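Here is the structure we will look at, set down as structure tokens.
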Amino acid sequence: VRERWARPPASRLVLDALVAVASTMVATLVGRTIETAIELPNVSILYLVAVLVSATTRGYFGAILASLFSALAYNYFFIDPRETFTIAQPHEVLALVTFFIAAILGGTLASRLRDQVTISGTRARETQLLYDFSRKLSGTVKAEDVDWAIVNQTHLALGRPVVLLTMDGAELRVSAIWPPDGELGVTEMTAARWAQDTHGL
């Protein structure tokens, strides 16, 4: 719950807003275009699609923004008197409120589904990495092979260069490094020795 309501970075909010505005504009243009040919009895469906697009591509905040923009556009362009935010008929007020609630609920459910798919994909990847690691270890007989398996698998999990340092008597030495052509500079090695001497790491 805290993660859902946590304020995202400003750059992400801007992108969420851009996607929400774009999806709302597309829904409006489609609705106005269709209206030139036939009477569209329930244009709010187009805006619900816009909300779902924002929810599935940008998540919860995108869904909220798209719901707000869609409600305003729906009122301005399709509820009489048009091209104003005034609502003449009481039943139109109910229709707009109903649409907004439906958009919020639909967008929230879609964003949760998106999050669950992302989490499931991450867990599947982690499970596969653990399986691959255990399979590599089962085929190793030398300590140096285990070291290489550790740095290789850690690199796959983190997507970063990995160095495994071990104690050789009183000195630190590089046991394995991935990618294999990488190297540990003097500054990094000095920092590692300082950490070992200070914290016993």
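FYI, nothing fancy with the structure tokens labels: chains A, B, ... in order, residues from 1 per chain, ligands from 1 as they appear.
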
Can you check which parts of region 173-192 of chain A lie within 7 Å of region 144-153 of chain A? Per residue, the shortest pair of atoms and distance in Å to one decimal, counting only C-alpha atoms, sorted by chain and number, as a tab-separated table.
residue	atom	partner	partner_atom	distance
A:Ser175	CA	A:Asp147	CA	6.7
A:Ala176	CA	A:Trp148	CA	5.7
A:Ile177	CA	A:Val151	CA	6.3
A:Trp178	CA	A:Val151	CA	5.8

Alpha helix (DSSP H) positions in region 26-183 of chain A, given as a ChimeraX atom specification
/A:26-35,44-58,60-78,90-138,143-158

Got a sec: who's within 10 Å of Val19 (chain A), counting only C-alpha atoms, leaving out chain neighbours fewer than 5 positions off, as a list of chain:residue names?
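Residues meeting the cut-off are A:Leu13, A:Val14, A:Thr24, A:Met25, A:Ala50, A:Val51, A:Val53, A:Ser54, A:Ala55, A:Thr57, A:Arg58, A:Gly62, A:Ala63, A:Leu65, A:Ala66.
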
Would you save the residues from that selection as an mmCIF file, in the first residue's frame, using all heavy atoms?
data_model
loop_
_atom_site.group_PDB
_atom_site.id
_atom_site.type_symbol
_atom_site.label_atom_id
_atom_site.label_comp_id
_atom_site.auth_asym_id
_atom_site.auth_seq_id
_atom_site.Cartn_x
_atom_site.Cartn_y
_atom_site.Cartn_z
ATOM 1 N N LEU A 13 6.238 11.194 -13.281
ATOM 2 C CA LEU A 13 4.946 11.887 -13.256
ATOM 3 C C LEU A 13 4.687 12.610 -14.573
ATOM 4 O O LEU A 13 3.571 12.611 -15.089
ATOM 5 C CB LEU A 13 4.906 12.883 -12.095
ATOM 6 C CG LEU A 13 4.554 12.327 -10.714
ATOM 7 C CD1 LEU A 13 4.664 13.431 -9.667
ATOM 8 C CD2 LEU A 13 3.154 11.737 -10.713
ATOM 9 N N VAL A 14 5.732 13.235 -15.111
ATOM 10 C CA VAL A 14 5.593 13.932 -16.393
ATOM 11 C C VAL A 14 5.214 12.946 -17.490
ATOM 12 O O VAL A 14 4.311 13.210 -18.310
ATOM 13 C CB VAL A 14 6.889 14.675 -16.748
ATOM 14 C CG1 VAL A 14 6.830 15.207 -18.174
ATOM 15 C CG2 VAL A 14 7.132 15.811 -15.768
ATOM 16 N N THR A 24 -6.258 10.413 -23.780
ATOM 17 C CA THR A 24 -7.515 11.164 -23.713
ATOM 18 C C THR A 24 -7.786 11.895 -25.024
ATOM 19 O O THR A 24 -8.923 11.926 -25.515
ATOM 20 C CB THR A 24 -7.474 12.166 -22.549
ATOM 21 O OG1 THR A 24 -7.228 11.480 -21.323
ATOM 22 C CG2 THR A 24 -8.792 12.910 -22.430
ATOM 23 N N MET A 25 -6.745 12.486 -25.608
ATOM 24 C CA MET A 25 -6.911 13.185 -26.879
ATOM 25 C C MET A 25 -7.320 12.219 -27.989
ATOM 26 O O MET A 25 -8.184 12.547 -28.814
ATOM 27 C CB MET A 25 -5.606 13.898 -27.251
ATOM 28 C CG MET A 25 -5.271 15.094 -26.384
ATOM 29 S SD MET A 25 -3.681 15.850 -26.832
ATOM 30 C CE MET A 25 -4.005 16.347 -28.522
ATOM 31 N N ALA A 50 -9.189 4.647 -22.894
ATOM 32 C CA ALA A 50 -8.037 5.527 -22.680
ATOM 33 C C ALA A 50 -7.461 5.350 -21.280
ATOM 34 O O ALA A 50 -6.233 5.329 -21.089
ATOM 35 C CB ALA A 50 -8.451 6.981 -22.905
ATOM 36 N N VAL A 51 -8.329 5.221 -20.294
ATOM 37 C CA VAL A 51 -7.878 5.009 -18.912
ATOM 38 C C VAL A 51 -7.154 3.674 -18.789
ATOM 39 O O VAL A 51 -6.093 3.581 -18.146
ATOM 40 C CB VAL A 51 -9.069 5.073 -17.943
ATOM 41 C CG1 VAL A 51 -8.631 4.668 -16.534
ATOM 42 C CG2 VAL A 51 -9.665 6.471 -17.913
ATOM 43 N N VAL A 53 -5.603 2.040 -21.116
ATOM 44 C CA VAL A 53 -4.309 2.133 -21.810
ATOM 45 C C VAL A 53 -3.273 2.779 -20.892
ATOM 46 O O VAL A 53 -2.138 2.291 -20.759
ATOM 47 C CB VAL A 53 -4.446 2.928 -23.118
ATOM 48 C CG1 VAL A 53 -3.073 3.288 -23.678
ATOM 49 C CG2 VAL A 53 -5.248 2.126 -24.139
ATOM 50 N N SER A 54 -3.651 3.868 -20.243
ATOM 51 C CA SER A 54 -2.728 4.534 -19.319
ATOM 52 C C SER A 54 -2.385 3.643 -18.140
ATOM 53 O O SER A 54 -1.241 3.612 -17.679
ATOM 54 C CB SER A 54 -3.346 5.851 -18.824
ATOM 55 O OG SER A 54 -3.459 6.783 -19.866
ATOM 56 N N ALA A 55 -3.381 2.907 -17.638
ATOM 57 C CA ALA A 55 -3.152 2.041 -16.473
ATOM 58 C C ALA A 55 -2.185 0.908 -16.800
ATOM 59 O O ALA A 55 -1.299 0.588 -16.007
ATOM 60 C CB ALA A 55 -4.481 1.475 -15.975
ATOM 61 N N THR A 57 0.025 0.783 -19.252
ATOM 62 C CA THR A 57 1.348 1.210 -19.715
ATOM 63 C C THR A 57 2.109 2.011 -18.674
ATOM 64 O O THR A 57 3.345 1.972 -18.631
ATOM 65 C CB THR A 57 1.237 2.059 -20.996
ATOM 66 O OG1 THR A 57 0.372 3.185 -20.752
ATOM 67 C CG2 THR A 57 0.668 1.222 -22.133
ATOM 68 N N ARG A 58 1.389 2.748 -17.797
ATOM 69 C CA ARG A 58 2.052 3.625 -16.849
ATOM 70 C C ARG A 58 1.770 3.302 -15.391
ATOM 71 O O ARG A 58 2.422 3.836 -14.498
ATOM 72 C CB ARG A 58 1.669 5.089 -17.118
ATOM 73 C CG ARG A 58 2.052 5.598 -18.485
ATOM 74 C CD ARG A 58 3.518 5.455 -18.750
ATOM 75 N NE ARG A 58 4.321 6.054 -17.699
ATOM 76 C CZ ARG A 58 5.603 5.782 -17.505
ATOM 77 N NH1 ARG A 58 6.217 4.904 -18.267
ATOM 78 N NH2 ARG A 58 6.266 6.374 -16.534
ATOM 79 N N GLY A 62 -0.786 6.881 -13.634
ATOM 80 C CA GLY A 62 -1.256 7.119 -14.997
ATOM 81 C C GLY A 62 -2.750 6.913 -15.119
ATOM 82 O O GLY A 62 -3.438 7.658 -15.818
ATOM 83 N N ALA A 63 -3.274 5.903 -14.435
ATOM 84 C CA ALA A 63 -4.717 5.628 -14.460
ATOM 85 C C ALA A 63 -5.499 6.759 -13.805
ATOM 86 O O ALA A 63 -6.548 7.184 -14.311
ATOM 87 C CB ALA A 63 -5.002 4.304 -13.761
ATOM 88 N N LEU A 65 -4.569 9.946 -13.443
ATOM 89 C CA LEU A 65 -4.515 11.138 -14.299
ATOM 90 C C LEU A 65 -5.411 10.991 -15.514
ATOM 91 O O LEU A 65 -6.126 11.927 -15.895
ATOM 92 C CB LEU A 65 -3.068 11.386 -14.739
ATOM 93 C CG LEU A 65 -2.096 11.809 -13.637
ATOM 94 C CD1 LEU A 65 -0.670 11.856 -14.179
ATOM 95 C CD2 LEU A 65 -2.478 13.165 -13.070
ATOM 96 N N ALA A 66 -5.400 9.815 -16.129
ATOM 97 C CA ALA A 66 -6.239 9.584 -17.307
ATOM 98 C C ALA A 66 -7.723 9.646 -16.932
ATOM 99 O O ALA A 66 -8.542 10.140 -17.718
ATOM 100 C CB ALA A 66 -5.906 8.242 -17.937
#

Could you check how far CA of His155 (chain A) sits from CA of Gln196 (chain A), in Å to one decimal?
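One can read the CA of His155 (chain A) to CA of Gln196 (chain A) distance as 22.3 Å.
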
Separation of CA of Pro180 (chain A) and CA of Trp194 (chain A), in Å?
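Calculated distance between CA of Pro180 (chain A) and CA of Trp194 (chain A) is 24.6 Å.
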
Considering only C-alpha atoms, state which residue in the set A:Ala20, A:Leu113, A:Ile87, A:Ala37 is at the smallest distance from Ser67 (chain A).
A:Ala20

Sorted by chain and rising residue number, which residues of region 155-199 of chain A lie within 12 Å of region 114-131 of chain A, and what are their closest atom pairs and distances in Å to one decimal, counting only C-alpha atoms, as CSV?
residue,atom,partner,partner_atom,distance
A:His155,CA,A:Leu129,CA,10.7
A:Leu156,CA,A:Leu129,CA,7.8
A:Ala157,CA,A:Leu129,CA,7.1
A:Leu158,CA,A:Glu126,CA,10.8

Please list as a PyMOL selection string every residue within 12 Å of Glu171 (chain A), counting only C-alpha atoms and excluding residues in the same chain fewer than 6 positions away.
chain A and resi 165+189-190+192-194+196-197

Suppose you want the space between CA of Leu68 (chain A) and CA of Thr36 (chain A); what is it in Å?
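Computing it gives 25.6 Å between the two atoms.
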
Residue with the minimum atom-to-atom distance to Asp132 (chain A), picked from A:Gly169, A:Arg32, A:Phe100, A:Thr154 with only C-alpha atoms counted, is A:Thr154

Need to verify the contact set: Ala88 (chain A), 12 Å, only C-alpha atoms, exclusion of same-chain residues closer than 6 positions in sequence. Can you return it as a list in words?
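The neighbour list is Asn75, Ile79, Asp80, Pro81, Arg82 and Leu94 of chain A.
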
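Among the candidates A:Phe85, A:Phe61, A:Phe77, A:Phe69, the one nearest to Val30 (chain A) when counting only C-alpha atoms is A:Phe77.
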